[in-house]
file upload08.cif (mmCIF, C-alpha atoms)
data_coords
loop_
_atom_site.label_atom_id
_atom_site.label_comp_id
_atom_site.auth_asym_id
_atom_site.auth_seq_id
_atom_site.Cartn_x
_atom_site.Cartn_y
_atom_site.Cartn_z
CA MET A 1 4.83 45.98 19.25
CA ALA A 2 1.59 45.84 17.22
CA LYS A 3 -1.48 47.19 18.96
CA THR A 4 -3.67 44.38 17.64
CA ASN A 5 -3.00 40.90 16.33
CA PRO A 6 -4.82 40.46 12.99
CA TRP A 7 -4.38 36.67 13.25
CA ALA A 8 -5.88 36.25 16.68
CA GLN A 9 -9.01 34.48 15.36
CA ILE A 10 -7.38 32.68 12.46
CA LYS A 11 -7.55 29.14 13.89
CA GLU A 12 -11.19 29.47 14.91
CA LYS A 13 -12.12 30.90 11.52
CA ALA A 14 -10.28 28.16 9.64
CA SER A 15 -11.75 25.35 11.70
CA ALA A 16 -15.26 26.66 11.04
CA ILE A 17 -14.89 26.05 7.30
CA VAL A 18 -15.47 22.57 5.89
CA PRO A 19 -13.44 22.37 2.67
CA PRO A 20 -14.72 20.51 -0.39
CA VAL A 21 -12.11 17.78 0.03
CA THR A 22 -13.65 16.91 3.40
CA VAL A 23 -17.10 16.64 1.84
CA LEU A 24 -15.72 14.20 -0.75
CA ARG A 25 -13.77 12.22 1.85
CA GLU A 26 -16.93 11.67 3.84
CA GLN A 27 -18.58 10.28 0.73
CA ALA A 28 -15.52 8.11 0.03
CA GLN A 29 -15.77 6.63 3.51
CA LEU A 30 -19.52 6.03 3.10
CA LEU A 31 -18.92 4.19 -0.17
CA SER A 32 -16.22 2.01 1.41
CA GLU A 33 -18.40 1.24 4.42
CA ALA A 34 -21.46 0.44 2.32
CA THR A 35 -19.54 -2.09 0.23
CA ASN A 36 -17.34 -3.51 3.02
CA ALA A 37 -14.47 -1.96 1.09
CA VAL A 38 -15.02 -4.21 -1.92
CA ILE A 39 -15.27 -0.82 -3.60
CA GLN A 40 -12.85 1.58 -1.95
CA GLY A 41 -13.77 5.24 -2.06
CA THR A 42 -10.72 7.47 -2.32
CA VAL A 43 -10.16 11.13 -2.97
CA ILE A 44 -7.41 12.14 -5.34
CA VAL A 45 -6.02 15.63 -4.99
CA GLU A 46 -4.45 17.19 -8.06
CA SER A 47 -2.73 20.52 -8.15
CA SER A 48 -1.49 21.92 -11.42
CA GLY A 49 0.76 24.32 -9.60
CA GLY A 50 -1.55 27.15 -10.63
CA ASP A 51 -4.49 28.56 -8.76
CA THR A 52 -6.86 25.64 -9.38
CA VAL A 53 -7.06 22.60 -7.13
CA THR A 54 -8.92 19.52 -8.33
CA HIS A 55 -10.35 16.77 -6.11
CA LYS A 56 -11.72 13.55 -7.53
CA LEU A 57 -13.96 11.09 -5.74
CA ARG A 58 -12.78 7.77 -7.12
CA ALA A 59 -14.28 4.31 -6.81
CA TYR A 60 -11.41 1.83 -6.74
CA VAL A 61 -11.94 -1.94 -6.99
CA PRO A 62 -8.89 -4.06 -6.11
CA ALA A 63 -10.78 -7.26 -6.91
CA LEU A 64 -11.30 -6.09 -10.50
CA ASP A 65 -7.61 -5.79 -11.27
CA ASN A 66 -7.50 -2.35 -9.65
CA TYR A 67 -10.20 -0.91 -11.89
CA SER A 68 -11.13 2.63 -10.91
CA VAL A 69 -13.63 5.22 -12.06
CA ASP A 70 -13.97 8.88 -11.12
CA LEU A 71 -17.49 9.56 -9.88
CA LEU A 72 -17.17 13.26 -9.07
CA THR A 73 -14.72 16.08 -9.64
CA VAL A 74 -14.58 19.30 -7.61
CA GLN A 75 -12.49 22.29 -8.57
CA HIS A 76 -11.78 25.44 -6.64
CA SER A 77 -9.27 28.22 -6.42
CA MET A 78 -7.16 29.12 -3.43
CA LEU A 79 -10.41 30.45 -1.98
CA ILE A 80 -12.15 27.13 -1.55
CA TYR A 81 -15.66 28.50 -2.06
CA PRO A 82 -17.26 28.94 -4.48
CA CYS A 83 -16.34 25.61 -6.02
CA SER A 84 -17.49 23.69 -9.08
CA LEU A 85 -18.77 20.11 -9.18
CA TRP A 86 -18.71 17.82 -12.21
CA CYS A 87 -20.27 14.40 -12.48
CA SER A 88 -19.26 12.38 -15.54
CA PHE A 89 -22.52 10.43 -15.39
CA ASP A 90 -24.81 13.45 -15.21
CA ASP A 91 -26.61 13.90 -18.56
CA ARG A 92 -26.70 17.64 -18.01
CA ARG A 93 -22.95 17.69 -18.78
CA LYS A 94 -22.24 20.90 -16.92
CA TRP A 95 -20.32 22.15 -13.93
CA VAL A 96 -22.53 22.89 -10.94
CA GLU A 97 -21.46 26.00 -9.04
CA CYS A 98 -21.61 25.77 -5.24
CA GLU A 99 -21.29 28.89 -3.10
CA ASN A 100 -20.73 27.07 0.17
CA LYS A 101 -20.48 23.70 1.90
CA ASP A 102 -24.25 23.25 2.17
CA GLN A 103 -24.73 23.75 -1.55
CA LEU A 104 -21.85 21.40 -2.31
CA GLU A 105 -23.20 18.69 -0.03
CA ALA A 106 -26.61 18.96 -1.69
CA ALA A 107 -25.09 18.80 -5.16
CA VAL A 108 -22.90 15.84 -4.24
CA GLN A 109 -25.87 14.02 -2.76
CA PHE A 110 -27.92 14.66 -5.89
CA ALA A 111 -25.13 13.47 -8.18
CA LEU A 112 -24.38 10.28 -6.27
CA GLU A 113 -28.06 9.37 -6.21
CA LEU A 114 -28.36 9.64 -9.99
CA ASP A 115 -29.45 6.37 -11.56
CA ALA A 116 -26.38 6.34 -13.78
CA VAL A 117 -24.00 6.58 -10.81
CA GLN A 118 -25.91 3.99 -8.82
CA LYS A 119 -25.82 1.60 -11.79
CA VAL A 120 -22.07 1.97 -12.11
CA VAL A 121 -21.46 1.21 -8.43
CA VAL A 122 -23.90 -1.69 -8.39
CA SER A 123 -22.25 -3.13 -11.51
CA LEU A 124 -18.80 -2.87 -9.97
CA MET A 125 -19.99 -4.53 -6.78
CA SER A 126 -21.71 -7.29 -8.72
CA GLN A 127 -18.65 -8.04 -10.86
CA ALA A 128 -16.26 -7.94 -7.91
CA THR A 129 -18.26 -10.41 -5.89
CA GLN A 130 -18.93 -12.94 -8.66
CA MET B 1 1.66 16.72 -8.46
CA THR B 2 -0.87 14.05 -7.54
CA LEU B 3 -1.73 13.04 -4.02
CA THR B 4 -4.06 10.30 -2.91
CA THR B 5 -5.91 10.89 0.30
CA GLY B 6 -8.12 8.69 2.39
CA VAL B 7 -10.21 9.27 5.45
CA CYS B 8 -8.39 10.05 8.67
CA GLN B 9 -9.16 7.59 11.40
CA ASP B 10 -8.01 7.15 14.97
CA LEU B 11 -4.97 4.99 14.67
CA PRO B 12 -3.27 2.81 17.26
CA PRO B 13 0.38 3.54 18.09
CA SER B 14 1.52 0.11 16.94
CA VAL B 15 0.98 -2.15 13.98
CA ARG B 16 -0.41 -5.54 14.95
CA THR B 17 0.64 -7.90 12.21
CA LEU B 18 -0.60 -11.34 11.30
CA PHE B 19 0.95 -13.60 8.69
CA TRP B 20 -0.69 -16.84 7.68
CA ASN B 21 0.00 -19.30 4.88
CA LEU B 22 -3.54 -20.55 4.29
CA ASN B 23 -2.56 -23.55 2.16
CA SER B 24 -5.68 -22.72 0.11
CA ASN B 25 -7.72 -24.28 2.89
CA VAL B 26 -8.85 -21.48 5.19
CA ALA B 27 -12.15 -19.74 4.51
CA SER B 28 -12.42 -15.97 4.51
CA GLN B 29 -14.64 -16.07 7.61
CA VAL B 30 -11.90 -17.83 9.58
CA VAL B 31 -9.32 -15.31 8.41
CA ALA B 32 -11.68 -12.51 9.41
CA SER B 33 -12.23 -14.08 12.80
CA ALA B 34 -8.48 -14.23 13.34
CA ALA B 35 -8.03 -10.61 12.30
CA ARG B 36 -10.85 -9.41 14.52
CA SER B 37 -9.95 -11.44 17.59
CA MET B 38 -6.35 -10.20 17.49
CA ASP B 39 -7.26 -6.64 16.44
CA ILE B 40 -4.95 -6.91 13.45
CA ASP B 41 -3.82 -3.83 11.52
CA LEU B 42 -1.71 -5.51 8.86
CA LEU B 43 -2.71 -8.88 7.43
CA VAL B 44 -0.36 -10.75 5.12
CA LEU B 45 -1.54 -14.00 3.57
CA ALA B 46 0.11 -16.61 1.37
CA GLU B 47 -1.63 -19.32 -0.63
CA ASN B 48 -4.94 -17.53 -0.28
CA ALA B 49 -7.70 -19.10 -2.39
CA ASN B 50 -10.40 -16.65 -1.31
CA SER B 51 -11.32 -13.81 -3.64
CA LEU B 52 -10.33 -10.30 -2.58
CA ALA B 53 -13.99 -9.37 -2.48
CA ASP B 54 -14.92 -12.29 -0.21
CA LEU B 55 -12.10 -11.41 2.14
CA ALA B 56 -13.02 -7.72 2.18
CA ILE B 57 -16.65 -8.52 2.95
CA ALA B 58 -15.70 -10.92 5.75
CA LEU B 59 -13.02 -8.70 7.25
CA ASN B 60 -15.12 -5.55 7.23
CA ASP B 61 -18.46 -6.94 8.30
CA GLY B 62 -19.60 -4.67 11.14
CA GLN B 63 -16.19 -3.02 11.49
CA ASP B 64 -15.52 0.68 12.01
CA ARG B 65 -11.91 0.67 10.85
CA LEU B 66 -12.02 -0.92 7.44
CA PHE B 67 -9.48 -3.32 6.01
CA LEU B 68 -8.35 -2.10 2.61
CA THR B 69 -6.15 -3.68 -0.01
CA SER B 70 -4.29 -2.52 -3.04
CA THR B 71 -2.16 -4.39 -5.52
CA LYS B 72 -1.16 -1.33 -7.52
CA GLY B 73 2.53 -1.32 -8.27
CA LEU B 74 3.15 -4.73 -6.71
CA PRO B 75 2.29 -7.56 -9.13
CA ALA B 76 3.56 -10.07 -6.58
CA LEU B 77 0.49 -9.28 -4.52
CA ARG B 78 -1.68 -10.62 -7.31
CA ARG B 79 0.27 -13.81 -7.77
CA SER B 80 1.37 -15.24 -4.45
CA LEU B 81 0.59 -12.87 -1.59
CA THR B 82 -2.44 -11.04 -0.28
CA VAL B 83 -2.19 -7.98 1.94
CA PHE B 84 -4.93 -6.13 3.80
CA PHE B 85 -4.32 -3.14 6.04
CA ARG B 86 -6.42 -0.96 8.29
CA TYR B 87 -4.87 2.27 7.13
CA SER B 88 -5.83 4.69 4.39
CA VAL B 89 -4.49 3.71 0.99
CA ASP B 90 -2.06 6.61 0.95
CA SER B 91 -0.40 5.16 4.08
CA VAL B 92 0.80 2.19 2.06
CA ARG B 93 3.25 2.97 -0.72
CA PRO B 94 4.43 0.22 -3.08
CA VAL B 95 8.23 0.19 -3.32
CA THR B 96 9.35 -2.84 -5.31
CA ASP B 97 8.70 -6.52 -5.76
CA GLY B 98 10.05 -9.75 -7.18
CA PRO B 99 9.03 -13.38 -7.37
CA GLY B 100 7.26 -14.13 -4.09
CA VAL B 101 8.27 -10.76 -2.59
CA ALA B 102 6.31 -7.53 -2.25
CA ILE B 103 7.88 -4.55 -0.49
CA PHE B 104 5.85 -1.56 0.60
CA GLU B 105 6.39 1.35 2.94
CA LEU B 106 3.82 1.65 5.67
CA SER B 107 3.47 5.26 6.82
CA PRO B 108 0.47 5.73 9.08
CA PRO B 109 -0.23 9.38 9.90
CA SER B 110 1.78 10.71 12.85
CA SER B 111 3.64 7.40 13.15
CA LEU B 112 7.03 6.03 12.32
CA SER B 113 7.19 4.65 8.79
CA ILE B 114 8.52 1.14 8.16
CA ASN B 115 9.41 -0.96 5.15
CA VAL B 116 7.38 -4.17 5.09
CA VAL B 117 8.80 -7.05 3.07
CA ALA B 118 6.05 -9.62 2.52
CA VAL B 119 7.48 -12.92 1.31
CA HIS B 120 6.41 -16.33 0.16
CA LEU B 121 9.47 -18.07 -1.20
CA ARG B 122 9.49 -21.32 -3.13
CA SER B 123 9.24 -24.49 -1.12
CA LYS B 124 11.54 -27.49 -1.26
CA LEU B 125 8.87 -29.23 -3.30
CA HIS B 126 9.78 -26.88 -6.17
CA SER B 127 13.30 -25.79 -5.27
CA ASP B 128 16.35 -27.34 -3.63
CA GLY B 129 18.43 -25.76 -0.85
CA ASP B 130 20.95 -24.25 -3.26
CA ASN B 131 18.25 -22.53 -5.27
CA GLN B 132 16.56 -21.32 -2.08
CA LEU B 133 19.86 -19.77 -1.00
CA LEU B 134 20.33 -18.09 -4.37
CA ALA B 135 16.76 -16.79 -4.27
CA ALA B 136 17.36 -15.41 -0.76
CA VAL B 137 20.39 -13.50 -2.07
CA GLU B 138 18.07 -11.82 -4.58
CA VAL B 139 15.58 -11.02 -1.82
CA ARG B 140 18.35 -9.34 0.17
CA GLU B 141 19.24 -7.28 -2.91
CA LEU B 142 15.59 -6.26 -3.33
CA ILE B 143 15.43 -5.24 0.34
CA GLU B 144 18.56 -3.12 0.04
CA ASP B 145 17.15 -1.48 -3.10
CA ALA B 146 13.93 -0.75 -1.25
CA GLU B 147 15.80 0.74 1.72
CA GLU B 148 17.69 2.96 -0.69
CA LEU B 149 14.41 4.09 -2.26
CA THR B 150 12.65 4.84 1.03
CA GLY B 151 15.76 6.33 2.61
CA HIS B 152 15.67 4.29 5.81
CA ARG B 153 16.30 0.81 7.14
CA ARG B 154 13.35 0.44 9.46
CA THR B 155 12.53 -2.84 7.76
CA VAL B 156 10.67 -5.98 8.73
CA VAL B 157 10.45 -9.16 6.70
CA VAL B 158 7.36 -11.24 7.29
CA GLY B 159 6.15 -14.37 5.59
CA ASP B 160 6.80 -17.95 4.65
CA LEU B 161 10.47 -18.28 3.79
CA ASN B 162 10.10 -22.02 3.23
CA MET B 163 13.43 -22.31 5.03
CA ASP B 164 14.16 -22.76 8.71
CA PRO B 165 15.98 -19.96 10.58
CA PHE B 166 19.17 -22.07 10.57
CA GLU B 167 19.28 -22.65 6.80
CA PRO B 168 21.88 -20.86 4.65
CA GLY B 169 19.34 -18.68 2.83
CA VAL B 170 18.25 -17.15 6.12
CA VAL B 171 21.62 -17.11 7.89
CA ALA B 172 24.21 -16.35 5.19
CA ALA B 173 25.74 -12.88 5.29
CA ASN B 174 25.05 -12.32 1.59
CA ALA B 175 21.49 -13.63 1.92
CA LEU B 176 19.05 -12.52 4.64
CA HIS B 177 21.68 -12.55 7.37
CA GLY B 178 19.24 -13.30 10.15
CA VAL B 179 20.84 -13.86 13.54
CA MET B 180 19.38 -15.46 16.65
CA SER B 181 20.67 -12.90 19.13
CA ARG B 182 19.44 -9.37 19.71
CA ALA B 183 22.86 -8.44 21.05
CA VAL B 184 24.56 -9.55 17.83
CA ALA B 185 21.94 -7.85 15.65
CA ALA B 186 22.29 -4.64 17.66
CA THR B 187 25.87 -4.29 16.42
CA GLY B 188 24.30 -3.54 13.03
CA SER B 189 26.55 -5.33 10.60
CA ARG B 190 29.74 -7.28 10.06
CA THR B 191 32.29 -7.29 7.29
CA VAL B 192 32.66 -10.36 5.12
CA ASN B 193 34.89 -10.39 2.03
CA ASP B 194 35.58 -6.69 2.53
CA LYS B 195 31.91 -5.82 2.30
CA GLU B 196 29.60 -4.60 5.05
CA ARG B 197 26.72 -7.04 5.61
CA ARG B 198 23.80 -5.73 7.62
CA TYR B 199 21.95 -7.98 10.03
CA PHE B 200 18.38 -8.90 10.62
CA TYR B 201 17.36 -10.10 14.04
CA ASN B 202 15.45 -13.35 13.73
CA PRO B 203 13.32 -13.82 16.86
CA MET B 204 11.83 -17.00 15.45
CA TRP B 205 14.73 -19.00 16.89
CA ASN B 206 12.80 -18.65 20.15
CA GLN B 207 9.93 -20.65 18.67
CA PHE B 208 11.77 -23.96 18.36
CA GLY B 209 11.24 -27.00 20.55
CA ASP B 210 9.28 -27.86 23.61
CA HIS B 211 10.43 -24.82 25.60
CA ALA B 212 9.08 -22.39 23.05
CA PRO B 213 6.22 -20.21 24.33
CA GLY B 214 3.93 -21.94 21.80
CA PRO B 215 4.10 -25.13 19.77
CA PRO B 216 7.57 -26.39 18.68
CA GLY B 217 7.29 -24.67 15.29
CA THR B 218 4.86 -23.33 12.70
CA TYR B 219 4.81 -26.33 10.35
CA TYR B 220 5.01 -30.06 10.93
CA ARG B 221 6.20 -32.71 8.53
CA SER B 222 7.06 -36.33 9.18
CA PRO B 223 9.38 -37.51 6.41
CA SER B 224 10.45 -41.08 5.86
CA GLY B 225 14.21 -40.48 5.49
CA PHE B 226 16.98 -40.62 8.07
CA LYS B 227 17.02 -36.90 8.72
CA ALA B 228 13.85 -35.43 10.20
CA HIS B 229 13.28 -32.26 12.22
CA PHE B 230 9.52 -32.86 12.26
CA TRP B 231 8.75 -29.30 13.37
CA HIS B 232 9.90 -26.37 11.24
CA VAL B 233 9.71 -22.61 11.65
CA LEU B 234 9.15 -21.67 8.03
CA ASP B 235 6.97 -18.68 8.87
CA GLN B 236 9.11 -15.89 10.21
CA ILE B 237 9.49 -12.25 11.00
CA LEU B 238 12.92 -10.66 10.69
CA ILE B 239 13.71 -7.25 12.11
CA ARG B 240 16.41 -4.76 11.20
CA PRO B 241 18.49 -3.46 14.11
CA GLU B 242 16.88 -0.04 13.57
CA LEU B 243 13.60 -1.50 14.86
CA LEU B 244 14.94 -3.71 17.63
CA GLU B 245 13.64 -1.49 20.40
CA ARG B 246 10.25 -1.37 18.70
CA VAL B 247 9.55 -5.08 18.90
CA ILE B 248 9.78 -7.15 22.05
CA ASP B 249 10.12 -10.91 21.83
CA GLU B 250 7.00 -11.49 23.94
CA ASP B 251 4.97 -9.71 21.25
CA ILE B 252 5.94 -12.29 18.65
CA ARG B 253 4.09 -15.56 18.85
CA VAL B 254 2.82 -18.54 16.95
CA VAL B 255 -0.97 -18.52 16.97
CA THR B 256 -2.65 -21.80 17.92
CA SER B 257 -6.26 -20.78 18.36
CA ILE B 258 -8.74 -18.27 16.99
CA ASP B 259 -11.59 -17.15 19.18
CA GLY B 260 -11.11 -20.25 21.33
CA ILE B 261 -11.08 -22.64 18.38
CA SER B 262 -7.86 -24.62 18.16
CA LEU B 263 -5.85 -24.71 14.94
CA LEU B 264 -4.14 -27.87 16.20
CA ASP B 265 -5.24 -31.48 15.89
CA ALA B 266 -5.41 -33.96 18.74
CA GLY B 267 -1.66 -34.59 18.38
CA GLY B 268 -0.86 -30.89 18.84
CA ARG B 269 0.10 -30.41 15.19
CA PRO B 270 -1.41 -27.96 12.69
CA ASN B 271 -4.85 -29.24 11.80
CA SER B 272 -4.30 -29.25 8.05
CA GLY B 273 -7.56 -31.05 7.41
CA ALA B 274 -9.68 -28.29 8.89
CA TYR B 275 -7.39 -25.29 8.34
CA SER B 276 -3.83 -24.88 7.12
CA ASP B 277 -0.70 -26.96 7.48
CA HIS B 278 0.97 -23.74 8.66
CA LEU B 279 0.22 -21.92 11.89
CA PRO B 280 -0.16 -18.12 11.77
CA ILE B 281 2.41 -15.84 13.35
CA PHE B 282 1.66 -12.60 15.15
CA ALA B 283 3.91 -9.63 15.84
CA GLU B 284 3.34 -6.18 17.25
CA ILE B 285 5.59 -3.31 16.17
CA ASP B 286 5.62 -0.02 18.03
CA LEU B 287 5.31 2.90 15.62
CA LYS B 288 5.01 5.72 18.13
CA LEU B 289 6.98 8.78 17.18
CA ASP B 290 9.53 9.91 19.73
CA PHE B 291 10.22 13.56 20.26
CA GLN B 292 13.26 15.26 21.70
CA ASN B 293 13.31 19.03 22.05
CA GLY B 294 10.45 19.24 19.59
CA VAL B 295 12.29 17.21 16.93
CA VAL B 296 10.78 13.96 15.67
CA LEU B 297 13.20 11.08 16.10
CA ASP B 298 13.43 7.99 13.96
CA GLY B 299 13.84 4.45 15.26
CA GLU B 300 17.48 5.07 16.06
CA ASN B 301 16.88 8.22 18.12
CA LYS B 302 18.25 10.37 15.34
CA PRO B 303 16.32 13.30 13.87
CA MET B 304 13.88 11.99 11.27
CA GLY B 305 15.34 12.32 7.77
CA ALA B 306 18.92 12.44 8.95
CA ASP B 307 21.25 10.35 6.81
CA GLN B 308 21.17 6.90 8.35
CA ARG B 309 23.93 5.55 6.20
CA GLU B 310 26.69 7.39 7.98
CA GLY B 311 29.07 5.18 9.84
#
call {"tool": "encode", "arguments": {"input": "upload08.cif", "output": "structure tokens"}}
result
Amino acid sequence: MAKTNPWAQIKEKASAIVPPVTVLREQAQLLSEATNAVIQGTVIVESSGGDTVTHKLRAYVPALDNYSVDLLTVQHSMLIYPCSLWCSFDDRRKWVECENKDQLEAAVQFALELDAVQKVVVSLMSQATQ
Amino acid sequence: MTLTTGVCQDLPPSVRTLFWNLNSNVASQVVASAARSMDIDLLVLAENANSLADLAIALNDGQDRLFLTSTKGLPALRRSLTVFFRYSVDSVRPVTDGPGVAIFELSPPSSLSINVVAVHLRSKLHSDGDNQLLAAVEVRELIEDAEELTGHRRTVVVGDLNMDPFEPGVVAANALHGVMSRAVAATGSRTVNDKERRYFYNPMWNQFGDHAPGPPGTYYRSPSGFKAHFWHVLDQILIRPELLERVIDEDIRVVTSIDGISLLDAGGRPNSGAYSDHLPIFAEIDLKLDFQNGVVLDGENKPMGADQREG
């Protein structure tokens, strides 16, 4: 019998980490709530089968014939941090590297508050409710 | 591989379902009031003239658990039916559809999955009884295809069949095969012309006449001819034997008021001037998972995923 159990703290350690997908899901829920689900925030998880996992925060509008647009993309390896954030509407056109959850949350907040992103969401809401 | 994920929410162990043919005459606020007052999880509408956005805004105003909708993969939902659900979008998987029929699999997290067949079949204004029967045969074929695709027969049909429970399209063994008795439905199937024909239980037989728990039907019409039933039960829920123990008859009812406001006129008939000429129907389906020796059981007390087509 082993003298020590190397996995004794595994559940506590895992539950202490907030993965990027959770950060995006929270934003998806906020988007749905803010628009009374006229715009539905969803998170799409894509795995290529390799080491990279991709999460996309998608704005989905059933009332506009199921139109959808990806607002943010996060990629990470099996080790979920560091991760990379991409915003299609950010003029800087570059991946933002985030070492941890706090950095990711700040980057996500910054990206979603960009004028370009806000204009897209406002336009979708306006068209859907006409 | 692509997965769609939504936000996990605390989910009830049953799905509270409301179907209502709105006759293009019920405002989104009234629909929302109905959904809120009955704590509805699955809302199926026919003849809805409200925009999806208006309905979403009304349904979700001040709500924690949001009503979502999706028409992806089910064109029928754009044409004749509207469905809202209080589950994440990945809990609702489109399966197949046809004219006036949309079939999706509802799989809330940690709950039993079911096939939901939302229907709004053609009325006798646009189709005679023979054509209704033939259309019902096609609906049965769609349902069997869907059950093959999802791998189980935990199926409910809900909607406006535009036929009474006693009409051939609902009763015939090669159509929907809905029977009035739980005991008969519980036997699963019968053989007609050398072919096994699976039953649905049709609890809506209980909603006829003056001894029904509610009004004598869901729809009233006073024709001028010799034959007149006056009250009809066009709006129905049919249940596969696999779900019989998950739905009790007392949890199926015709709705006559919303938040204390009657949907009936002074004569006790649907108030079609103010609302719809159809009354809504409500059903609650238990989706709790059962466990035995740590194994999740399906609706038939067999291990989940076991081949249900044996025997």
call {"tool": "resolve_selection", "arguments": {"input": "upload08.cif", "expression": "the PyMOL selection byres ((chain B) within 12 of (chain A))", "output": "ChimeraX atom specification"}}
result
/B:1-9,50-75,77-79,82-86,88-90
call {"tool": "resolve_selection", "arguments": {"input": "upload08.cif", "expression": "the PyMOL selection byres ((chain B and resi 160) around 6)", "output": "CSV table (one decimal) with C-alpha atoms, keeping the file's coordinate frame"}}
result
chain,number,residue,atom,x,y,z
B,120,HIS,CA,6.4,-16.3,0.2
B,159,GLY,CA,6.2,-14.4,5.6
B,161,LEU,CA,10.5,-18.3,3.8
B,162,ASN,CA,10.1,-22.0,3.2
B,234,LEU,CA,9.2,-21.7,8.0
B,235,ASP,CA,7.0,-18.7,8.9
call {"tool": "resolve_selection", "arguments": {"input": "upload08.cif", "expression": "the PyMOL selection byres ((chain B and resi 113-115) around 12)", "output": "ChimeraX atom specification"}}
result
/B:13-15,91-96,102-112,116-118,142-158,238-240,242-243,246,285-289,297-299,304-305
call {"tool": "atom_distance", "arguments": {"input": "upload08.cif", "atom1": "atom CA of B:Gly100", "atom2": "atom CA of B:His278"}}
result
17.2 Å
call {"tool": "closest_residue", "arguments": {"input": "upload08.cif", "among": "B:Gln132, B:Asn174, B:Ser37, B:Thr187", "to": "B:Val255", "atoms": "all atoms listed in the file"}}
result
B:Ser37
call {"tool": "residues_around", "arguments": {"input": "upload08.cif", "residues": "B:Leu134", "least_positions_apart": "4", "cutoff": "10 Å", "atoms": "all atoms listed in the file", "output": "PDB file with C-alpha atoms, in the coordinates of the input"}}
result
ATOM      1  CA  GLY B 129      18.430 -25.760  -0.850  1.00  0.00           C
ATOM      2  CA  ASP B 130      20.950 -24.250  -3.260  1.00  0.00           C
ATOM      3  CA  GLU B 138      18.070 -11.820  -4.580  1.00  0.00           C
ATOM      4  CA  VAL B 139      15.580 -11.020  -1.820  1.00  0.00           C
ATOM      5  CA  PRO B 168      21.880 -20.860   4.650  1.00  0.00           C
ATOM      6  CA  GLY B 169      19.340 -18.680   2.830  1.00  0.00           C
ATOM      7  CA  ASN B 174      25.050 -12.320   1.590  1.00  0.00           C
ATOM      8  CA  ALA B 175      21.490 -13.630   1.920  1.00  0.00           C
TER       9      ALA B 175
END
call {"tool": "residues_around", "arguments": {"input": "upload08.cif", "residues": "B:His232", "least_positions_apart": "5", "cutoff": "9 Å", "atoms": "all atoms listed in the file", "output": "ChimeraX atom specification"}}
result
/B:163-165,208,216-221
call {"tool": "atom_distance", "arguments": {"input": "upload08.cif", "atom1": "atom CA of B:Ala212", "atom2": "atom CA of B:Leu264"}}
result
15.9 Å
call {"tool": "closest_residue", "arguments": {"input": "upload08.cif", "among": "B:Val171, B:Leu125, B:Val184, B:Ala136", "to": "B:Val101", "atoms": "all atoms listed in the file"}}
result
B:Ala136
call {"tool": "atom_distance", "arguments": {"input": "upload08.cif", "atom1": "atom CA of A:Lys11", "atom2": "atom CA of A:Ser84"}}
result
25.6 Å
call {"tool": "closest_residue", "arguments": {"input": "upload08.cif", "among": "B:Ser189, B:Gln207, B:Ser181, B:Ser80", "to": "B:Asn21", "atoms": "only C-alpha atoms"}}
result
B:Ser80
call {"tool": "closest_residue", "arguments": {"input": "upload08.cif", "among": "A:Asp102, A:Ser68, A:Val23, A:Leu112", "to": "A:Trp86", "atoms": "all atoms listed in the file"}}
result
A:Leu112
